[in-house]
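Asker: I'm passing along final_38.csv; it holds CSV, C-alpha atoms and all ligand atoms.
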chain,number,residue,atom,x,y,z
A,1,MET,CA,-13.5,-37.0,10.5
A,2,ALA,CA,-13.1,-40.1,8.3
A,3,LEU,CA,-15.0,-39.7,5.0
A,4,ALA,CA,-15.5,-41.6,1.8
A,5,ILE,CA,-15.7,-39.3,-1.3
A,6,LYS,CA,-15.8,-40.1,-5.0
A,7,VAL,CA,-13.2,-38.3,-7.0
A,8,ASN,CA,-12.6,-38.9,-10.7
A,9,GLY,CA,-14.6,-42.1,-10.6
A,10,THR,CA,-12.9,-43.7,-7.6
A,11,MET,CA,-14.0,-43.9,-4.0
A,12,GLN,CA,-11.4,-42.4,-1.7
A,13,SER,CA,-11.3,-42.3,2.1
A,14,VAL,CA,-9.9,-39.3,3.7
A,15,ASP,CA,-9.5,-38.2,7.3
A,16,VAL,CA,-9.9,-34.4,7.5
A,17,ASP,CA,-11.6,-31.7,9.5
A,18,ASN,CA,-15.3,-31.2,8.8
A,19,ASP,CA,-14.8,-27.7,7.6
A,20,ALA,CA,-11.8,-28.4,5.4
A,21,PRO,CA,-12.4,-26.9,2.0
A,22,LEU,CA,-12.7,-29.5,-0.8
A,23,LEU,CA,-9.7,-27.8,-2.5
A,24,TRP,CA,-7.4,-28.7,0.4
A,25,VAL,CA,-8.8,-32.2,0.6
A,26,LEU,CA,-8.0,-32.7,-3.1
A,27,ARG,CA,-4.5,-31.2,-2.9
A,28,ASP,CA,-3.2,-32.2,0.5
A,29,ALA,CA,-5.1,-35.4,1.4
A,30,LEU,CA,-5.4,-36.9,-2.1
A,31,GLY,CA,-2.3,-35.3,-3.8
A,32,LEU,CA,-4.4,-34.0,-6.7
A,33,ALA,CA,-2.4,-30.8,-7.2
A,34,GLY,CA,-3.7,-29.9,-10.6
A,35,THR,CA,-6.5,-27.9,-8.9
A,36,LYS,CA,-4.9,-24.6,-7.8
A,37,PHE,CA,-5.3,-22.2,-4.8
A,38,GLY,CA,-5.4,-18.6,-5.9
A,39,CYS,CA,-7.4,-16.6,-3.4
A,40,GLY,CA,-9.5,-19.0,-1.2
A,41,VAL,CA,-12.4,-16.6,-1.3
A,42,ALA,CA,-14.2,-17.4,-4.6
A,43,GLN,CA,-12.6,-14.5,-6.4
A,44,CYS,CA,-10.2,-16.1,-8.9
A,45,GLY,CA,-11.6,-19.5,-10.2
A,46,ALA,CA,-8.2,-21.3,-10.0
A,47,CYS,CA,-9.8,-24.0,-7.8
A,48,THR,CA,-12.7,-24.8,-10.1
A,49,VAL,CA,-13.7,-28.5,-10.2
A,50,PHE,CA,-17.0,-30.2,-11.2
A,51,VAL,CA,-19.4,-31.4,-8.5
A,52,ASP,CA,-21.9,-33.8,-10.1
A,53,GLY,CA,-20.8,-32.3,-13.4
A,54,LYS,CA,-21.4,-28.7,-12.5
A,55,PRO,CA,-18.5,-26.2,-12.1
A,56,MET,CA,-17.8,-25.2,-8.5
A,57,ARG,CA,-15.2,-23.3,-6.6
A,58,SER,CA,-13.7,-25.9,-4.3
A,59,CYS,CA,-12.1,-23.3,-2.0
A,60,THR,CA,-15.5,-22.4,-0.6
A,61,LEU,CA,-17.1,-25.8,-0.3
A,62,PRO,CA,-16.5,-27.4,3.1
A,63,ILE,CA,-16.0,-31.2,2.7
A,64,SER,CA,-18.9,-31.8,5.1
A,65,ALA,CA,-21.2,-30.3,2.5
A,66,LEU,CA,-20.1,-32.5,-0.3
A,67,GLY,CA,-22.3,-35.5,0.7
A,68,THR,CA,-22.5,-38.2,-1.9
A,69,ARG,CA,-21.8,-35.9,-4.8
A,70,GLU,CA,-19.1,-36.8,-7.2
A,71,VAL,CA,-16.0,-34.6,-7.8
A,72,THR,CA,-14.2,-34.3,-11.1
A,73,THR,CA,-10.9,-32.5,-11.2
A,74,ILE,CA,-8.6,-31.4,-14.0
A,75,GLU,CA,-6.9,-34.8,-13.7
A,76,GLY,CA,-10.1,-36.7,-14.4
A,77,VAL,CA,-12.1,-34.4,-16.8
A,78,SER,CA,-13.0,-36.3,-19.9
A,79,GLY,CA,-15.4,-36.5,-22.8
A,80,ARG,CA,-15.8,-34.8,-26.2
A,81,GLU,CA,-15.8,-31.2,-24.8
A,82,ALA,CA,-12.7,-31.8,-22.7
A,83,GLU,CA,-10.9,-33.3,-25.6
A,84,ALA,CA,-11.9,-30.4,-27.9
A,85,VAL,CA,-10.8,-27.8,-25.3
A,86,GLN,CA,-7.5,-29.6,-24.8
A,87,GLN,CA,-6.8,-29.6,-28.5
A,88,ALA,CA,-7.8,-26.0,-28.9
A,89,TRP,CA,-5.7,-25.0,-25.9
A,90,ILE,CA,-2.6,-26.7,-27.4
A,91,ALA,CA,-3.2,-25.4,-30.9
A,92,ARG,CA,-3.5,-21.8,-29.6
A,93,ASP,CA,-0.8,-22.1,-27.0
A,94,VAL,CA,-3.2,-20.6,-24.5
A,95,PRO,CA,-1.3,-20.9,-21.2
A,96,GLN,CA,1.5,-18.5,-20.3
A,97,CYS,CA,2.6,-19.3,-16.7
A,98,GLY,CA,-0.2,-21.9,-16.6
A,99,TYR,CA,-1.3,-21.3,-12.9
A,100,CYS,CA,-4.9,-20.4,-13.7
A,101,GLN,CA,-5.3,-22.8,-16.5
A,102,SER,CA,-6.8,-25.8,-14.8
A,103,GLY,CA,-9.6,-23.6,-13.6
A,104,GLN,CA,-9.9,-22.0,-17.0
A,105,VAL,CA,-10.2,-25.4,-18.7
A,106,MET,CA,-12.8,-26.7,-16.2
A,107,SER,CA,-15.0,-23.6,-16.8
A,108,ALA,CA,-14.6,-23.8,-20.6
A,109,VAL,CA,-15.6,-27.4,-20.6
A,110,ALA,CA,-18.6,-26.7,-18.4
A,111,LEU,CA,-19.7,-23.9,-20.7
A,112,LEU,CA,-19.4,-26.0,-23.9
A,113,LYS,CA,-21.4,-28.8,-22.3
A,114,GLN,CA,-24.3,-26.4,-21.9
A,115,ILE,CA,-23.9,-24.0,-24.8
A,116,LYS,CA,-22.8,-25.6,-28.0
A,117,GLN,CA,-21.9,-22.4,-29.9
A,118,PRO,CA,-21.3,-19.8,-27.3
A,119,SER,CA,-21.2,-16.1,-28.3
A,120,ASP,CA,-18.4,-13.8,-27.1
A,121,ARG,CA,-20.9,-12.6,-24.4
A,122,ASP,CA,-21.7,-16.2,-23.3
A,123,ILE,CA,-17.9,-16.8,-23.0
A,124,ASP,CA,-17.2,-13.6,-21.1
A,125,LEU,CA,-20.1,-14.2,-18.6
A,126,ALA,CA,-19.1,-17.8,-18.0
A,127,MET,CA,-15.4,-17.2,-17.8
A,128,ASN,CA,-15.0,-13.8,-16.0
A,129,GLY,CA,-14.8,-15.5,-12.6
A,130,ASN,CA,-11.6,-17.1,-13.8
A,131,VAL,CA,-8.9,-14.6,-13.4
A,132,CYS,CA,-5.6,-14.9,-15.4
A,133,ARG,CA,-2.7,-12.9,-14.1
A,134,CYS,CA,-0.9,-13.4,-17.5
A,135,ALA,CA,-4.0,-11.9,-19.3
A,136,THR,CA,-4.5,-14.8,-21.7
A,137,TYR,CA,-8.1,-13.9,-22.0
A,138,ALA,CA,-8.1,-13.2,-25.8
A,139,ARG,CA,-6.5,-16.6,-26.5
A,140,ILE,CA,-9.0,-18.3,-24.1
A,141,ARG,CA,-11.9,-16.8,-25.9
A,142,ALA,CA,-10.5,-17.7,-29.3
A,143,ALA,CA,-9.8,-21.3,-28.2
A,144,ILE,CA,-13.3,-21.8,-26.9
A,145,HIS,CA,-14.6,-20.7,-30.3
A,146,ASP,CA,-12.2,-23.2,-31.9
A,147,ALA,CA,-13.3,-26.0,-29.6
A,148,ALA,CA,-17.0,-25.2,-30.3
A,149,ARG,CA,-16.3,-25.4,-34.1
A,150,ALA,CA,-14.4,-28.6,-33.7
A,151,LEU,CA,-17.3,-30.1,-31.7
A,152,GLU,CA,-19.8,-29.1,-34.4
A,153,GLY,CA,-17.9,-30.9,-37.1
B,1,MET,CA,15.8,15.6,-3.8
B,2,MET,CA,13.1,16.1,-6.4
B,3,ARG,CA,12.4,12.4,-6.2
B,4,ALA,CA,12.1,12.4,-2.4
B,5,GLN,CA,9.6,15.3,-2.7
B,6,ALA,CA,7.5,13.4,-5.2
B,7,PHE,CA,7.5,10.3,-3.0
B,8,LEU,CA,6.4,12.5,-0.1
B,9,ALA,CA,3.6,14.1,-2.1
B,10,ALA,CA,2.4,10.7,-3.2
B,11,GLY,CA,2.5,9.5,0.3
B,12,VAL,CA,0.5,12.4,1.6
B,13,ALA,CA,-2.1,12.0,-1.2
B,14,ALA,CA,-2.4,8.3,-0.3
B,15,VAL,CA,-2.9,9.0,3.4
B,16,THR,CA,-5.5,11.7,2.5
B,17,VAL,CA,-7.5,9.2,0.4
B,18,LEU,CA,-7.3,6.7,3.3
B,19,VAL,CA,-8.5,9.2,5.9
B,20,ALA,CA,-11.3,10.4,3.6
B,21,ALA,CA,-12.4,6.8,3.1
B,22,ALA,CA,-12.3,6.2,6.9
B,23,VAL,CA,-14.4,9.4,7.5
B,24,ALA,CA,-16.9,8.4,4.8
B,25,GLN,CA,-17.2,5.0,6.6
B,26,THR,CA,-17.8,6.4,10.0
B,27,THR,CA,-20.3,9.1,8.8
B,28,ARG,CA,-22.4,6.6,6.9
B,29,GLN,CA,-26.0,6.7,8.2
B,30,PRO,CA,-26.3,4.0,10.8
B,31,THR,CA,-29.1,1.6,9.9
B,32,ALA,CA,-31.8,0.6,12.3
B,33,LYS,CA,-31.1,-2.5,14.4
B,34,ASP,CA,-34.6,-3.1,15.6
B,35,LEU,CA,-38.2,-2.9,14.4
B,36,ARG,CA,-41.0,-1.3,16.3
B,37,PRO,CA,-43.5,-3.8,17.6
B,38,VAL,CA,-46.9,-3.9,15.9
B,39,PRO,CA,-48.9,-2.8,19.1
B,40,SER,CA,-46.9,0.5,19.1
B,41,PHE,CA,-48.9,1.5,15.9
B,42,GLN,CA,-52.3,1.1,17.6
B,43,ASN,CA,-52.4,4.7,18.6
B,44,ILE,CA,-52.7,5.7,14.9
B,45,ALA,CA,-56.4,6.0,14.6
B,46,ASP,CA,-56.7,6.4,10.9
B,47,GLN,CA,-56.5,2.9,9.3
B,48,GLN,CA,-54.8,4.0,6.1
B,49,ALA,CA,-52.2,6.1,8.0
B,50,ARG,CA,-51.6,3.1,10.3
B,51,SER,CA,-51.2,0.7,7.4
B,52,ILE,CA,-48.7,3.1,5.7
B,53,ALA,CA,-46.8,3.5,9.0
B,54,LEU,CA,-46.5,-0.2,9.4
B,55,PHE,CA,-45.3,-0.6,5.8
B,56,GLU,CA,-42.7,2.1,6.3
B,57,GLU,CA,-41.4,0.3,9.4
B,58,ALA,CA,-41.1,-3.0,7.4
B,59,GLY,CA,-39.4,-0.9,4.7
B,60,LYS,CA,-36.3,-0.7,7.0
B,61,VAL,CA,-35.9,-4.3,6.1
B,62,LEU,CA,-37.0,-4.1,2.4
B,63,GLN,CA,-34.5,-1.3,1.8
B,64,HIS,CA,-31.7,-2.9,3.8
B,65,ALA,CA,-28.5,-4.0,2.0
B,66,ARG,CA,-29.3,-7.7,2.8
B,67,CYS,CA,-32.5,-7.5,0.7
B,68,VAL,CA,-31.6,-4.9,-1.9
B,69,ASN,CA,-28.3,-6.6,-2.9
B,70,CYS,CA,-30.3,-9.4,-4.5
B,71,HIS,CA,-33.1,-7.2,-5.8
B,72,PRO,CA,-30.8,-5.1,-8.0
B,73,ALA,CA,-31.9,-2.6,-10.6
B,74,THR,CA,-29.6,-4.1,-13.2
B,75,GLU,CA,-28.9,-7.7,-14.1
B,76,ARG,CA,-25.8,-7.6,-11.7
B,77,PRO,CA,-26.3,-8.2,-8.0
B,78,LEU,CA,-24.7,-6.0,-5.3
B,79,GLN,CA,-22.7,-7.1,-2.3
B,80,SER,CA,-21.5,-5.8,1.1
B,81,ASP,CA,-23.2,-3.4,3.4
B,82,ALA,CA,-22.0,-0.6,1.0
B,83,MET,CA,-24.0,-2.2,-1.8
B,84,ARG,CA,-21.1,-2.4,-4.3
B,85,PRO,CA,-21.5,-4.2,-7.6
B,86,HIS,CA,-20.9,-8.0,-7.1
B,87,GLN,CA,-17.4,-9.1,-7.7
B,88,PRO,CA,-16.8,-11.0,-9.9
B,89,LEU,CA,-19.3,-9.8,-12.5
B,90,VAL,CA,-22.3,-12.2,-12.4
B,91,VAL,CA,-25.7,-11.7,-13.9
B,92,ARG,CA,-29.3,-12.8,-13.2
B,93,GLY,CA,-29.8,-15.0,-16.2
B,94,ALA,CA,-33.1,-16.5,-17.3
B,95,ASP,CA,-34.1,-18.0,-14.0
B,96,GLY,CA,-32.3,-15.8,-11.5
B,97,HIS,CA,-29.6,-18.4,-10.9
B,98,GLY,CA,-27.0,-17.0,-13.2
B,99,VAL,CA,-25.9,-18.1,-16.7
B,100,PRO,CA,-24.4,-21.4,-18.0
B,101,GLY,CA,-20.9,-21.8,-16.6
B,102,MET,CA,-21.4,-19.1,-13.9
B,103,THR,CA,-24.4,-19.9,-11.7
B,104,CYS,CA,-24.9,-18.6,-8.2
B,105,ASN,CA,-24.0,-22.0,-6.8
B,106,THR,CA,-20.7,-22.0,-8.6
B,107,CYS,CA,-19.5,-20.1,-5.6
B,108,HIS,CA,-22.4,-19.9,-3.1
B,109,HIS,CA,-23.1,-23.3,-1.5
B,110,ALA,CA,-25.8,-24.5,0.8
B,111,ALA,CA,-24.6,-22.5,3.9
B,112,ASN,CA,-22.5,-19.5,4.7
B,113,PHE,CA,-18.8,-20.4,4.6
B,114,ASP,CA,-17.4,-18.0,7.1
B,115,ALA,CA,-13.7,-18.9,6.6
B,116,ALA,CA,-14.0,-17.3,3.1
B,117,ARG,CA,-16.7,-14.8,4.0
B,118,VAL,CA,-18.9,-16.3,1.2
B,119,PRO,CA,-22.6,-16.4,2.1
B,120,GLY,CA,-24.7,-19.4,1.1
B,121,HIS,CA,-28.2,-21.0,1.1
B,122,PRO,CA,-29.5,-23.9,-0.9
B,123,GLN,CA,-31.7,-21.5,-3.1
B,124,TRP,CA,-29.2,-18.7,-3.4
B,125,HIS,CA,-30.4,-16.6,-6.4
B,126,LEU,CA,-31.6,-13.2,-7.6
B,127,ALA,CA,-35.0,-11.8,-7.5
B,128,PRO,CA,-36.6,-11.4,-11.0
B,129,ALA,CA,-36.1,-8.0,-12.7
B,130,SER,CA,-39.7,-7.2,-12.1
B,131,MET,CA,-38.9,-7.2,-8.4
B,132,ALA,CA,-36.0,-4.8,-8.6
B,133,TRP,CA,-35.9,-2.6,-5.5
B,134,GLU,CA,-32.6,-0.8,-5.8
B,135,GLY,CA,-33.2,2.9,-6.1
B,136,ARG,CA,-36.9,2.6,-5.7
B,137,THR,CA,-39.0,4.5,-3.2
B,138,LEU,CA,-41.0,2.6,-0.6
B,139,GLY,CA,-44.2,3.6,-2.4
B,140,GLU,CA,-42.9,2.1,-5.6
B,141,ILE,CA,-41.7,-1.1,-3.8
B,142,CYS,CA,-45.1,-1.4,-2.1
B,143,ALA,CA,-47.0,-1.2,-5.4
B,144,GLN,CA,-44.5,-3.7,-6.8
B,145,ILE,CA,-44.8,-6.4,-4.1
B,146,LYS,CA,-48.6,-6.2,-4.2
B,147,ASP,CA,-48.8,-6.7,-8.0
B,148,PRO,CA,-49.1,-10.4,-9.0
B,149,ASN,CA,-47.9,-9.5,-12.4
B,150,ARG,CA,-44.6,-8.4,-10.9
B,151,ASN,CA,-44.2,-10.4,-7.7
B,152,GLY,CA,-44.2,-13.9,-9.3
B,153,GLY,CA,-48.0,-14.4,-9.2
B,154,LYS,CA,-48.3,-14.2,-5.4
B,155,ASP,CA,-51.6,-13.2,-3.8
B,156,MET,CA,-51.4,-11.5,-0.4
B,157,ALA,CA,-51.4,-14.8,1.6
B,158,ALA,CA,-48.5,-16.1,-0.5
B,159,LEU,CA,-46.7,-12.8,-0.3
B,160,LEU,CA,-46.9,-12.7,3.5
B,161,HIS,CA,-45.8,-16.3,3.7
B,162,HIS,CA,-42.8,-15.5,1.5
B,163,MET,CA,-41.8,-12.6,3.7
B,164,ALA,CA,-42.3,-14.3,7.0
B,165,GLU,CA,-41.4,-17.9,6.3
B,166,ASP,CA,-39.1,-18.2,3.3
B,167,THR,CA,-35.7,-19.3,4.5
B,168,LEU,CA,-33.7,-17.4,1.8
B,169,VAL,CA,-35.5,-14.2,3.0
B,170,GLY,CA,-34.6,-15.4,6.5
B,171,TRP,CA,-30.9,-15.5,5.5
B,172,GLY,CA,-31.1,-11.7,5.8
B,173,TRP,CA,-31.1,-12.1,9.6
B,174,ALA,CA,-28.3,-14.6,9.7
B,175,PRO,CA,-25.8,-13.3,7.1
B,176,GLY,CA,-22.6,-14.4,8.9
B,177,PRO,CA,-19.7,-12.2,10.0
B,178,GLY,CA,-18.8,-9.0,8.1
B,179,ARG,CA,-22.4,-8.4,7.0
B,180,GLU,CA,-25.0,-6.4,9.0
B,181,PRO,CA,-28.1,-8.4,9.6
B,182,ALA,CA,-31.5,-6.9,8.5
B,183,PRO,CA,-33.2,-5.0,11.4
B,184,GLY,CA,-35.3,-6.9,14.0
B,185,THR,CA,-36.2,-10.5,13.3
B,186,GLN,CA,-38.0,-12.2,10.4
B,187,ALA,CA,-40.9,-12.9,12.7
B,188,ALA,CA,-41.2,-9.2,13.6
B,189,PHE,CA,-40.9,-8.2,9.9
B,190,GLY,CA,-43.6,-10.7,9.0
B,191,GLY,CA,-45.8,-9.4,11.8
B,192,LEU,CA,-45.5,-5.9,10.5
B,193,LEU,CA,-46.5,-6.9,7.0
B,194,ARG,CA,-49.4,-9.0,8.3
B,195,ALA,CA,-50.7,-6.0,10.3
B,196,TRP,CA,-50.1,-3.8,7.2
B,197,ALA,CA,-52.3,-6.1,5.2
B,198,ASP,CA,-54.9,-6.4,7.9
B,199,ALA,CA,-55.2,-2.6,7.9
B,200,GLY,CA,-55.8,-2.5,4.1
B,201,ALA,CA,-52.3,-2.9,2.6
B,202,HIS,CA,-52.1,0.8,1.8
B,203,CYS,CA,-48.9,2.1,0.2
B,204,PRO,CA,-46.9,5.2,1.0
B,205,PRO,CA,-47.6,8.0,-1.5
B,206,SER,CA,-44.0,7.9,-2.7
C,301,LIG,S1,-9.0,-20.2,-4.9
C,301,LIG,FE1,-11.1,-20.6,-5.2
C,301,LIG,S2,-11.8,-19.0,-6.4
C,301,LIG,FE2,-9.7,-18.4,-5.9
C,302,LIG,S1,-1.5,-18.2,-17.6
C,302,LIG,FE1,-0.6,-17.2,-15.9
C,302,LIG,S2,-2.2,-16.8,-14.6
C,302,LIG,FE2,-3.2,-17.4,-16.4
Please express the file's structure as structure tokens.

Answerer:
Amino acid sequence: MALAIKVNGTMQSVDVDNDAPLLWVLRDALGLAGTKFGCGVAQCGACTVFVDGKPMRSCTLPISALGTREVTTIEGVSGREAEAVQQAWIARDVPQCGYCQSGQVMSAVALLKQIKQPSDRDIDLAMNGNVCRCATYARIRAAIHDAARALEG
Amino acid sequence: MMRAQAFLAAGVAAVTVLVAAAVAQTTRQPTAKDLRPVPSFQNIADQQARSIALFEEAGKVLQHARCVNCHPATERPLQSDAMRPHQPLVVRGADGHGVPGMTCNTCHHAANFDAARVPGHPQWHLAPASMAWEGRTLGEICAQIKDPNRNGGKDMAALLHHMAEDTLVGWGWAPGPGREPAPGTQAAFGGLLRAWADAGAHCPPS
């Protein structure tokens, strides 16, 4: 099925199966490999993207269900929160192997867009669908607090 | 030699656990597949007894995993026919749709996505805490669903409409592979509750 979808601000045409998950359209059809496959069953968060600005697991969204909604991936995420998260991530050296991190960053940015000064509990509840095999959780939580403070100033 | 024995012992223990799990699976109470039709209750002469019997039949749906999983006793939903805590941890949040950064529709989209066994519906969300059914008796659930202070302000007409027509409730009969559908049909379930209401909407004593 030929489709036109908007990804990172640009209209793209893709020819894929109706039930292809958005994740594989991004990675295979569009070459946007920053979004990762971890589980394919909404259990790990590695595939998190924004759909109309809201975080979603792209592995469980068939492309036919996307409609006219706009997709933002790790390659295209921008704005104050994204910059603050990026800086905090670098300063704390958050990633270890890095595999889960694009999903972590997308979820962290989504959280900070909605809660300016998240508590530890806010962070835990927003982030616990993002699994990290290297267990960088403590650094992730600290970096989100750093980013929140930076956004405040 | 010692090491080989230890491996063997560990292997036997593992197999024992697996077999025990398999036995537990097969001995789990089978749930009803069908609902008795409303006319089959006509022979109960006493109106209150008939009303209660009708509610108890509808209770096969109300207490089914497809319904209870999203009417949990805590802030965390359940999942699967075995009603295990939802994985990953998610919570009800202020409006039943989760919390900022982790809402139901982060993972659950507008329809079931069978390839990933992830269920879906446009309004996928949890019932409010006042409508928790997990661990409650049918009598308690009955009192709860009739009480506008706890059922989201519904009068009887709105309640019956919700049960018989709401498409998220209806998902319980079309849950996709790997999940047992609720017994009967939504129409039959709605019919039982309408007959229960017509007979006075009496509740089981417990
Ligand atoms: S790949 Fe989508 S949640 Fe794991
Ligand atoms: S940094 Fe390795 S999986 Fe998270």

Asker: Would you tabulate, counting all atoms listed in the file, all residues of chain A that have an atom at most 12 Å from an atom of ligand LIG 302 (chain C), showing the closest pair of atoms and their distance in Å to one decimal, sorted by chain then ascending number, as a tab-separated table?

Answerer:
residue	atom	partner	partner_atom	distance
A:Lys36	CA	C:LIG302	S2	10.7
A:Phe37	CA	C:LIG302	S2	11.6
A:Gly38	CA	C:LIG302	S2	9.4
A:Cys44	CA	C:LIG302	S2	9.8
A:Gly45	CA	C:LIG302	FE2	10.6
A:Ala46	CA	C:LIG302	S2	8.8
A:Trp89	CA	C:LIG302	S1	11.5
A:Asp93	CA	C:LIG302	S1	10.2
A:Val94	CA	C:LIG302	S1	7.5
A:Pro95	CA	C:LIG302	S1	4.5
A:Gln96	CA	C:LIG302	S1	4.0
A:Cys97	CA	C:LIG302	FE1	3.9
A:Gly98	CA	C:LIG302	S1	4.0
A:Tyr99	CA	C:LIG302	S2	4.9
A:Cys100	CA	C:LIG302	FE2	4.4
A:Gln101	CA	C:LIG302	FE2	5.8
A:Ser102	CA	C:LIG302	FE2	9.3
A:Gly103	CA	C:LIG302	FE2	9.3
A:Gln104	CA	C:LIG302	FE2	8.1
A:Val105	CA	C:LIG302	FE2	10.9
A:Asn130	CA	C:LIG302	FE2	8.8
A:Val131	CA	C:LIG302	FE2	7.0
A:Cys132	CA	C:LIG302	FE2	3.6
A:Arg133	CA	C:LIG302	S2	4.0
A:Cys134	CA	C:LIG302	FE1	4.1
A:Ala135	CA	C:LIG302	FE2	6.3
A:Thr136	CA	C:LIG302	FE2	6.0
A:Tyr137	CA	C:LIG302	FE2	8.2
A:Ala138	CA	C:LIG302	FE2	11.4
A:Arg139	CA	C:LIG302	S1	10.3
A:Ile140	CA	C:LIG302	FE2	9.7

Asker: Give the answer as one residue: which of A:Met11, A:Val25, A:Cys39, A:Ala2 has the shortest atom-to-atom distance to ligand LIG 301 (chain C), using all atoms listed in the file?

Answerer: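 Distance minimum relative to ligand LIG 301 (chain C) lands on A:Cys39.
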
Asker: Return the neighbours of chain A among the residues of chain B, cut-off 8 Å, counting all atoms listed in the file, as a PyMOL selection string.

Answerer: chain B and resi 87-91+99-102+105-110+113+116-118

Asker: So how far away is atom CA of A:Ala4 from atom CA of A:Gly67, in Å?

Answerer: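 Between atom CA of A:Gly67 and atom CA of A:Ala4 the gap is 9.2 Å.
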
Asker: Which of these, B:Met156, B:Ala82, B:Val68, B:Leu192, has the shortest distance to B:Gly135 once you count all atoms listed in the file?

Answerer: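 Selected residue with least distance to B:Gly135: B:Val68.
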
Asker: Let me make sure I understand: among A:Ile74, A:Val85, A:Ile63, A:Leu23, which one has the smallest atom-to-atom distance to ligand LIG 301 (chain C) if we use all atoms listed in the file?

Answerer: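 Closest residue, counting all atoms listed in the file: A:Leu23.
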
Asker: Name all residues at most 9 Å from A:Leu26 (count all atoms listed in the file; drop same-chain ones fewer than 3 positions away) and give them as a list in words.

Answerer: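 What passes the distance filter is Val7, Pro21, Leu22, Leu23, Ala29, Leu30, Gly31, Leu32, Ala33, Thr35, Ser58 and Thr73 of chain A.
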
Asker: Which is closest to B:Trp133 among B:Ala182, B:Cys67, B:Leu160, B:Ala94, if we use all atoms listed in the file?

Answerer: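 Counting all atoms listed in the file, the residue closest to B:Trp133 is B:Cys67.
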
Asker: Of the candidates A:Cys47, A:Val16, A:Ala82, A:Ala88, which shows the shortest atom-to-atom distance to ligand LIG 301 (chain C), using all atoms listed in the file?

Answerer: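 When distances to ligand LIG 301 (chain C) are compared using all atoms listed in the file, the smallest one comes from A:Cys47.
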
Asker: For atom CA of B:Gly190 and atom CA of B:Glu134, quote the distance in Å rounded to one decimal.

Answerer: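 It comes out at 20.9 Å.
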
Asker: Interatomic distance between atom CA of B:Leu78 and atom CA of B:Ala158?

Answerer: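 Calculated distance between atom CA of B:Leu78 and atom CA of B:Ala158 is 26.3 Å.
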